[in-house]
file model-v3.txt (compact mmCIF, C-alpha atoms)
# COMPACT_ATOMS: atom_id res chain seq x y z
CA ALA A 1 122.78 86.64 61.26
CA LEU A 2 122.43 90.19 62.51
CA ALA A 3 118.86 91.34 63.12
CA GLY A 4 118.18 94.33 60.96
CA ASN A 5 121.04 93.42 58.64
CA ALA A 6 121.86 90.81 56.04
CA ASP A 7 125.43 89.46 56.05
CA VAL A 8 126.21 88.15 52.56
CA SER A 9 129.47 86.32 51.90
CA ALA A 10 130.90 85.29 48.50
CA ALA A 11 134.23 83.65 47.64
CA ALA A 12 136.22 85.45 44.96
CA ASP A 13 139.97 84.85 44.46
CA SER A 14 140.11 83.45 48.05
CA GLN A 15 138.68 86.71 49.34
CA THR A 16 135.37 87.10 51.20
CA VAL A 17 133.18 89.99 50.20
CA HIS A 18 130.73 91.23 52.82
CA ALA A 19 127.77 93.40 52.02
CA LEU A 20 125.62 95.03 54.68
CA PHE A 21 121.96 95.78 53.94
CA ALA A 22 119.69 97.77 56.29
CA VAL A 23 116.29 96.20 57.04
CA LYS A 24 113.34 98.43 57.91
CA PRO A 25 112.07 97.71 61.43
CA THR A 26 108.39 97.58 62.34
CA VAL A 27 106.71 98.51 65.61
CA THR A 28 103.71 96.60 66.99
CA SER A 29 100.81 98.71 68.25
CA SER A 30 99.87 98.29 71.92
CA THR A 31 97.54 99.94 74.43
CA PHE A 32 99.05 98.18 77.45
CA PRO A 33 99.09 100.61 80.40
CA ILE A 34 102.29 101.83 82.03
CA ALA A 35 102.69 104.20 84.98
CA SER A 36 103.62 107.79 84.28
CA TYR A 37 106.57 107.32 86.64
CA ALA A 38 107.75 104.08 84.95
CA THR A 39 111.45 103.88 84.16
CA THR A 40 111.38 100.74 81.99
CA MET A 41 109.13 99.43 79.19
CA THR A 42 109.27 97.00 76.29
CA ILE A 43 108.42 97.59 72.63
CA ALA A 44 107.49 94.73 70.32
CA GLY A 45 108.08 94.59 66.59
CA THR A 46 110.37 93.09 63.97
CA GLY A 47 113.71 93.82 62.37
CA PHE A 48 115.50 95.08 65.47
CA ASP A 49 119.27 94.83 65.88
CA SER A 50 119.76 92.14 68.53
CA VAL A 51 123.56 92.31 68.51
CA THR A 52 124.02 95.98 69.33
CA PRO A 53 121.01 97.33 71.29
CA GLY A 54 122.23 100.89 70.92
CA ASN A 55 121.76 100.68 67.16
CA ASN A 56 118.01 100.81 67.87
CA VAL A 57 116.86 104.35 68.61
CA VAL A 58 113.33 104.96 69.90
CA THR A 59 111.61 108.31 69.39
CA PHE A 60 108.61 108.85 71.68
CA SER A 61 105.78 111.35 71.38
CA THR A 62 106.58 112.40 74.96
CA GLY A 63 109.57 111.51 77.07
CA THR A 64 112.86 109.82 76.33
CA GLY A 65 114.56 106.49 76.99
CA LEU A 66 117.52 104.33 76.05
CA VAL A 67 117.45 100.86 74.46
CA THR A 68 119.60 98.67 76.70
CA ALA A 69 118.57 95.19 75.53
CA ALA A 70 117.19 93.87 72.26
CA THR A 71 116.05 90.78 70.41
CA ASN A 72 114.87 90.59 66.83
CA THR A 73 111.31 91.22 68.05
CA GLN A 74 111.56 93.15 71.32
CA LEU A 75 113.32 96.20 72.69
CA THR A 76 113.86 96.95 76.39
CA VAL A 77 113.86 100.68 76.98
CA THR A 78 115.21 102.00 80.29
CA SER A 79 115.90 105.39 81.88
CA LEU A 80 112.45 106.60 80.86
CA THR A 81 111.74 110.22 81.77
CA GLY A 82 109.16 112.83 80.86
CA LEU A 83 106.19 110.54 80.20
CA VAL A 84 102.86 112.36 80.05
CA PRO A 85 99.49 110.68 80.74
CA GLY A 86 97.70 109.67 77.54
CA SER A 87 98.52 107.74 74.40
CA LEU A 88 102.27 107.14 73.97
CA THR A 89 103.43 106.70 70.38
CA ALA A 90 106.86 105.74 69.14
CA SER A 91 108.93 105.02 66.06
CA VAL A 92 112.18 103.06 65.90
CA THR A 93 115.26 103.67 63.80
CA THR A 94 117.53 100.63 63.43
CA ASN A 95 120.90 101.10 61.76
CA GLY A 96 119.58 104.15 59.97
CA ALA A 97 116.34 102.56 58.75
CA SER A 98 113.13 104.04 60.23
CA SER A 99 109.92 102.21 61.07
CA GLY A 100 108.06 105.19 59.64
CA THR A 101 104.94 106.76 61.12
CA ALA A 102 104.83 106.47 64.93
CA VAL A 103 102.32 104.02 66.36
CA GLN A 104 100.83 103.73 69.84
CA VAL A 105 102.99 101.56 72.11
CA ALA A 106 101.33 102.18 75.50
CA ASN A 107 98.74 104.05 77.52
CA VAL A 108 100.54 106.20 80.08
CA VAL A 109 98.51 106.36 83.30
CA ALA A 110 99.09 108.68 86.27
CA PRO A 111 98.19 107.60 89.81
CA PRO A 112 95.16 109.19 91.45
CA THR A 113 95.60 112.53 93.18
CA PHE A 114 94.95 112.40 96.92
CA SER A 115 94.19 115.16 99.44
CA ALA A 116 92.94 115.50 103.02
CA ALA A 117 91.18 118.37 104.78
CA PHE A 118 89.55 119.10 108.13
CA SER A 119 86.24 120.94 108.01
CA ALA A 120 87.38 123.29 110.80
CA SER A 121 90.70 125.03 111.33
CA SER A 122 90.51 124.49 115.10
CA ILE A 123 88.45 122.62 117.69
CA PRO A 124 88.52 122.49 121.51
CA VAL A 125 89.68 119.43 123.39
CA ASP A 126 86.79 116.94 123.19
CA GLY A 127 85.45 118.82 120.15
CA THR A 128 84.69 117.06 116.88
CA THR A 129 85.29 117.86 113.21
CA THR A 130 85.08 116.04 109.88
CA LEU A 131 88.19 114.74 108.13
CA THR A 132 87.63 114.38 104.38
CA PHE A 133 89.85 112.40 101.99
CA THR A 134 89.43 113.24 98.28
CA ILE A 135 90.55 110.79 95.58
CA THR A 136 90.60 111.99 91.95
CA ASN A 137 91.44 110.34 88.64
CA PRO A 138 93.53 112.93 86.74
CA SER A 139 91.75 114.41 83.72
CA ALA A 140 94.58 113.51 81.31
CA ASN A 141 94.43 109.80 82.11
CA PRO A 142 93.30 107.63 79.18
CA VAL A 143 91.61 105.01 81.40
CA SER A 144 89.35 104.71 84.43
CA LEU A 145 90.75 103.74 87.84
CA VAL A 146 89.46 101.26 90.46
CA ASN A 147 90.52 99.55 93.71
CA PHE A 148 91.67 102.59 95.69
CA ASN A 149 93.53 101.87 98.94
CA PHE A 150 95.05 103.96 101.71
CA ALA A 151 95.67 103.90 105.45
CA ASP A 152 96.00 106.71 107.98
CA THR A 153 97.32 106.75 111.53
CA LEU A 154 96.01 109.86 113.26
CA PRO A 155 98.40 111.96 115.37
CA ALA A 156 98.33 111.45 119.14
CA GLY A 157 95.96 114.36 119.74
CA LEU A 158 93.14 112.95 117.58
CA VAL A 159 90.96 109.83 117.67
CA VAL A 160 88.03 108.61 115.61
CA ALA A 161 84.86 110.17 117.05
CA ASN A 162 81.95 108.34 118.64
CA PRO A 163 79.79 108.16 116.62
CA ASN A 164 82.19 108.32 113.71
CA PHE A 165 79.67 109.26 110.99
CA ALA A 166 81.96 107.50 108.51
CA ASN A 167 81.02 108.00 104.87
CA GLY A 168 82.76 105.76 102.36
CA ALA A 169 81.39 102.24 102.81
CA SER A 170 79.57 102.50 99.48
CA TYR A 171 82.97 102.74 97.76
CA GLY A 172 84.62 99.82 99.56
CA LEU A 173 85.67 98.66 103.01
CA PHE A 174 86.13 101.76 105.20
CA THR A 175 87.44 100.97 108.67
CA ALA A 176 87.40 103.68 111.35
CA THR A 177 86.73 102.35 114.86
CA SER A 178 85.57 104.95 117.39
CA GLY A 179 88.24 105.77 119.96
CA SER A 180 91.10 104.46 117.80
CA ASN A 181 93.64 106.42 115.81
CA SER A 182 93.58 104.04 112.83
CA ILE A 183 91.72 104.61 109.54
CA SER A 184 91.88 102.43 106.44
CA PHE A 185 90.09 102.27 103.11
CA ALA A 186 90.08 99.38 100.64
CA GLY A 187 88.10 100.24 97.54
CA ASN A 188 86.43 97.77 95.22
CA SER A 189 86.40 97.16 91.48
CA THR A 190 82.81 98.36 91.17
CA THR A 191 83.78 101.89 92.23
CA THR A 192 85.12 103.18 88.92
CA LEU A 193 86.44 106.70 88.49
CA ALA A 194 86.52 108.00 84.94
CA PRO A 195 89.11 110.69 84.13
CA SER A 196 88.34 113.89 86.10
CA ALA A 197 85.95 112.05 88.47
CA SER A 198 86.48 111.98 92.23
CA ILE A 199 85.10 110.53 95.46
CA ASN A 200 85.14 111.78 99.05
CA VAL A 201 85.68 109.49 102.03
CA GLU A 202 84.76 111.15 105.34
CA VAL A 203 85.02 110.42 109.04
CA ASN A 204 84.53 112.47 112.21
CA VAL A 205 87.47 112.84 114.58
CA THR A 206 87.73 114.17 118.14
CA GLY A 207 90.53 116.22 119.67
CA VAL A 208 91.94 114.61 122.82
CA ALA A 209 95.11 116.66 123.40
CA ALA A 210 95.87 120.32 122.91
CA GLY A 211 98.26 121.45 120.21
CA THR A 212 98.66 121.49 116.45
CA GLN A 213 97.81 118.07 115.08
CA ASN A 214 99.51 117.23 111.77
CA ASP A 215 98.00 114.25 109.97
CA THR A 216 99.86 112.56 107.10
CA THR A 217 98.42 109.43 105.50
CA GLY A 218 100.13 106.54 103.80
CA THR A 219 100.33 106.57 100.01
CA ILE A 220 97.25 106.07 97.85
CA SER A 221 97.20 103.13 95.45
CA ALA A 222 94.86 102.15 92.63
CA GLN A 223 94.55 99.97 89.54
CA ASP A 224 93.53 100.66 85.99
CA ALA A 225 90.03 99.40 85.16
CA GLY A 226 91.54 96.50 83.19
CA LEU A 227 93.46 95.38 86.31
CA GLN A 228 96.74 95.29 84.36
CA LEU A 229 98.56 97.96 86.35
CA THR A 230 98.92 98.92 90.01
CA LEU A 231 99.70 102.57 90.61
CA THR A 232 101.20 104.17 93.72
CA GLY A 233 100.46 107.83 94.33
CA SER A 234 101.26 110.39 96.99
CA THR A 235 100.39 110.82 100.66
CA ALA A 236 97.83 113.36 101.86
CA SER A 237 98.30 115.84 104.69
CA ALA A 238 96.11 118.12 106.78
CA SER A 239 96.54 120.04 110.04
CA ILE A 240 94.20 121.25 112.77
CA ASP A 241 94.68 123.11 116.06
CA VAL A 242 93.17 121.44 119.13
CA GLU A 243 92.69 124.12 121.76
CA GLY A 244 92.85 123.27 125.44
CA PRO A 245 90.71 125.07 128.03
CA PRO A 246 92.14 128.11 129.82
CA SER A 247 93.80 127.55 133.16
CA ILE A 248 92.93 129.62 136.24
CA ALA A 249 94.96 130.30 139.36
CA ALA A 250 94.22 132.30 142.53
CA ALA A 251 96.65 133.93 144.94
CA PHE A 252 96.49 136.22 147.99
CA SER A 253 98.97 139.05 148.46
CA PRO A 254 100.05 139.20 151.18
CA THR A 255 99.40 135.65 152.26
CA THR A 256 99.16 136.58 155.96
CA ILE A 257 97.07 139.37 157.46
CA ALA A 258 95.80 140.39 160.90
CA VAL A 259 92.18 140.25 161.96
CA ASN A 260 90.36 143.00 160.07
CA GLY A 261 93.41 143.29 157.81
CA THR A 262 93.20 143.50 154.03
CA THR A 263 94.83 141.50 151.24
CA THR A 264 94.44 141.25 147.48
CA LEU A 265 92.99 138.15 145.89
CA THR A 266 94.19 137.80 142.27
CA PHE A 267 92.72 135.41 139.68
CA THR A 268 95.00 134.65 136.73
CA ILE A 269 93.43 133.16 133.60
CA THR A 270 95.87 131.77 131.02
CA ASN A 271 95.27 130.67 127.45
CA PRO A 272 97.47 127.60 126.81
CA ALA A 273 100.21 128.01 124.26
call {"tool": "encode", "arguments": {"input": "model-v3.txt", "output": "structure tokens"}}
result
Amino acid sequence: ALAGNADVSAAADSQTVHALFAVKPTVTSSTFPIASYATTMTIAGTGFDSVTPGNNVVTFSTGTGLVTAATNTQLTVTSLTGLVPGSLTASVTTNGASSGTAVQVANVVAPPTFSAAFSASSIPVDGTTTLTFTITNPSANPVSLVNFNFADTLPAGLVVANPNFANGASYGLFTATSGSNSISFAGNSTTTLAPSASINVEVNVTGVAAGTQNDTTGTISAQDAGLQLTLTGSTASASIDVEGPPSIAAAFSPTTIAVNGTTTLTFTITNPA
């Protein structure tokens, strides 16, 4: 039997008469979370065409996708694009018969936004500044986020200061050992960010080599508050100039003079590039 169709056969004068009847599909409501960057999802229901997946056409409230596999009760939709955080609704048309009014089939959730910033634009060698990481749950998300994680390897010209004045332990395990170039943060499930909420994780760093220091973290990750979905977000980047001390040189001209002779002593002070 063909899902979504009835195949009726009757014998008449040794001939078989086939009649094809369209069956209205139904879509099962779901609030299961999916990532905004997801490329595949499943839709449950009844009356789907299991023989020819392409005969099932899904219409989403946002985004598009193609049905590439089907059973009587489940569609696999791939090549998803254009999903927007929030409630995702859909209707299904199977062999010309529509499921009717769209119903919610998922909660689309975006990963947290992630940024980094130094409190100063430049510091001298051996000077200290604060490096702040900001984690935000996007305002359009339909759920809260928990369990934030990231790691950061500082560039060669920076190390964690002593003391490090680290601020973030109340949100999870924040590791930043003085003198090292390694920073990591593992949040906990009790630190919950509602949509639009954010936290700052801070640590002091010291410049140990002159030059522009470009810091790029690893990606941020998080979970929805129901722990059904793990999200991977972006990296965060920040730059600071570490300025070395000026150099000074002295030279006589000429380098040899007679007793009671005169020469010029020149001091040259140079600002490092």
call {"tool": "residues_around", "arguments": {"input": "model-v3.txt", "residues": "Gly157 of chain A", "least_positions_apart": "6", "cutoff": "7 Å", "atoms": "all atoms listed in the file", "output": "list in words"}}
result
Gly207, Val208, Ala209, Ala210 and Gln213 of chain A
call {"tool": "atom_distance", "arguments": {"input": "model-v3.txt", "atom1": "atom CA of Thr81 of chain A", "atom2": "atom CA of Ser61 of chain A"}}
result
12.0 Å
call {"tool": "atom_distance", "arguments": {"input": "model-v3.txt", "atom1": "atom CA of Asp152 of chain A", "atom2": "atom CA of Asp126 of chain A"}}
result
20.5 Å
call {"tool": "residues_around", "arguments": {"input": "model-v3.txt", "residues": "Ile135 of chain A", "least_positions_apart": "5", "cutoff": "12 Å", "atoms": "only C-alpha atoms", "output": "number ranges by chain"}}
result
A: 111-117, 145-150, 168, 171, 185, 187, 191-202, 219-222, 233-236
call {"tool": "write_last_selection", "arguments": {"input": "model-v3.txt", "atoms": "C-alpha atoms", "output": "tab-separated table (two decimals), keeping the file's coordinate frame"}}
result
chain	number	residue	atom	x	y	z
A	111	PRO	CA	98.19	107.60	89.81
A	112	PRO	CA	95.16	109.19	91.45
A	113	THR	CA	95.60	112.53	93.18
A	114	PHE	CA	94.95	112.40	96.92
A	115	SER	CA	94.19	115.16	99.44
A	116	ALA	CA	92.94	115.50	103.02
A	117	ALA	CA	91.18	118.37	104.78
A	145	LEU	CA	90.75	103.74	87.84
A	146	VAL	CA	89.46	101.26	90.46
A	147	ASN	CA	90.52	99.55	93.71
A	148	PHE	CA	91.67	102.59	95.69
A	149	ASN	CA	93.53	101.87	98.94
A	150	PHE	CA	95.05	103.96	101.71
A	168	GLY	CA	82.76	105.76	102.36
A	171	TYR	CA	82.97	102.74	97.76
A	185	PHE	CA	90.09	102.27	103.11
A	187	GLY	CA	88.10	100.24	97.54
A	191	THR	CA	83.78	101.89	92.23
A	192	THR	CA	85.12	103.18	88.92
A	193	LEU	CA	86.44	106.70	88.49
A	194	ALA	CA	86.52	108.00	84.94
A	195	PRO	CA	89.11	110.69	84.13
A	196	SER	CA	88.34	113.89	86.10
A	197	ALA	CA	85.95	112.05	88.47
A	198	SER	CA	86.48	111.98	92.23
A	199	ILE	CA	85.10	110.53	95.46
A	200	ASN	CA	85.14	111.78	99.05
A	201	VAL	CA	85.68	109.49	102.03
A	202	GLU	CA	84.76	111.15	105.34
A	219	THR	CA	100.33	106.57	100.01
A	220	ILE	CA	97.25	106.07	97.85
A	221	SER	CA	97.20	103.13	95.45
A	222	ALA	CA	94.86	102.15	92.63
A	233	GLY	CA	100.46	107.83	94.33
A	234	SER	CA	101.26	110.39	96.99
A	235	THR	CA	100.39	110.82	100.66
A	236	ALA	CA	97.83	113.36	101.86
call {"tool": "closest_atom_pairs", "arguments": {"input": "model-v3.txt", "of": "segment 131-150 of chain A", "to": "segment 238-248 of chain A", "cutoff": "12 Å", "atoms": "all atoms listed in the file", "output": "CSV"}}
result
residue,atom,partner,partner_atom,distance
A:Leu131,CA,A:Ala238,CA,8.7
A:Thr132,CA,A:Ala238,CA,9.6
A:Phe133,CA,A:Ala238,CA,9.7
A:Thr134,CA,A:Ala238,CA,11.9
call {"tool": "closest_residue", "arguments": {"input": "model-v3.txt", "among": "A:Asn56, A:Thr39, A:Ser91, A:Ser170", "to": "Thr78 of chain A", "atoms": "only C-alpha atoms"}}
result
A:Thr39
call {"tool": "closest_residue", "arguments": {"input": "model-v3.txt", "among": "A:Gln104, A:Thr89, A:Thr94, A:Ser237", "to": "Val51 of chain A", "atoms": "all atoms listed in the file"}}
result
A:Thr94
call {"tool": "closest_residue", "arguments": {"input": "model-v3.txt", "among": "A:Leu158, A:Val77, A:Ala106, A:Ala97", "to": "Phe118 of chain A", "atoms": "all atoms listed in the file"}}
result
A:Leu158
call {"tool": "atom_distance", "arguments": {"input": "model-v3.txt", "atom1": "atom CA of Gly100 of chain A", "atom2": "atom CA of Ser79 of chain A"}}
result
23.6 Å
call {"tool": "closest_residue", "arguments": {"input": "model-v3.txt", "among": "A:Ile34, A:Ala44, A:Val27, A:Val67", "to": "Val92 of chain A", "atoms": "all atoms listed in the file"}}
result
A:Val27
call {"tool": "closest_residue", "arguments": {"input": "model-v3.txt", "among": "A:Leu80, A:Val105, A:Val57, A:Val203", "to": "Ser36 of chain A", "atoms": "only C-alpha atoms"}}
result
A:Leu80
call {"tool": "residues_around", "arguments": {"input": "model-v3.txt", "residues": "segment 84-88 of chain A", "least_positions_apart": "2", "cutoff": "8 Å", "atoms": "all atoms listed in the file", "output": "PyMOL selection string"}}
result
chain A and resi 31+36+60-63+82+90+104-110+140-142
call {"tool": "residues_around", "arguments": {"input": "model-v3.txt", "residues": "Pro53 of chain A", "least_positions_apart": "4", "cutoff": "8 Å", "atoms": "all atoms listed in the file", "output": "ChimeraX atom specification"}}
result
/A:49,67-70,75
call {"tool": "closest_residue", "arguments": {"input": "model-v3.txt", "among": "A:Gln228, A:Asn204, A:Thr46, A:Thr26", "to": "Ser119 of chain A", "atoms": "only C-alpha atoms"}}
result
A:Asn204
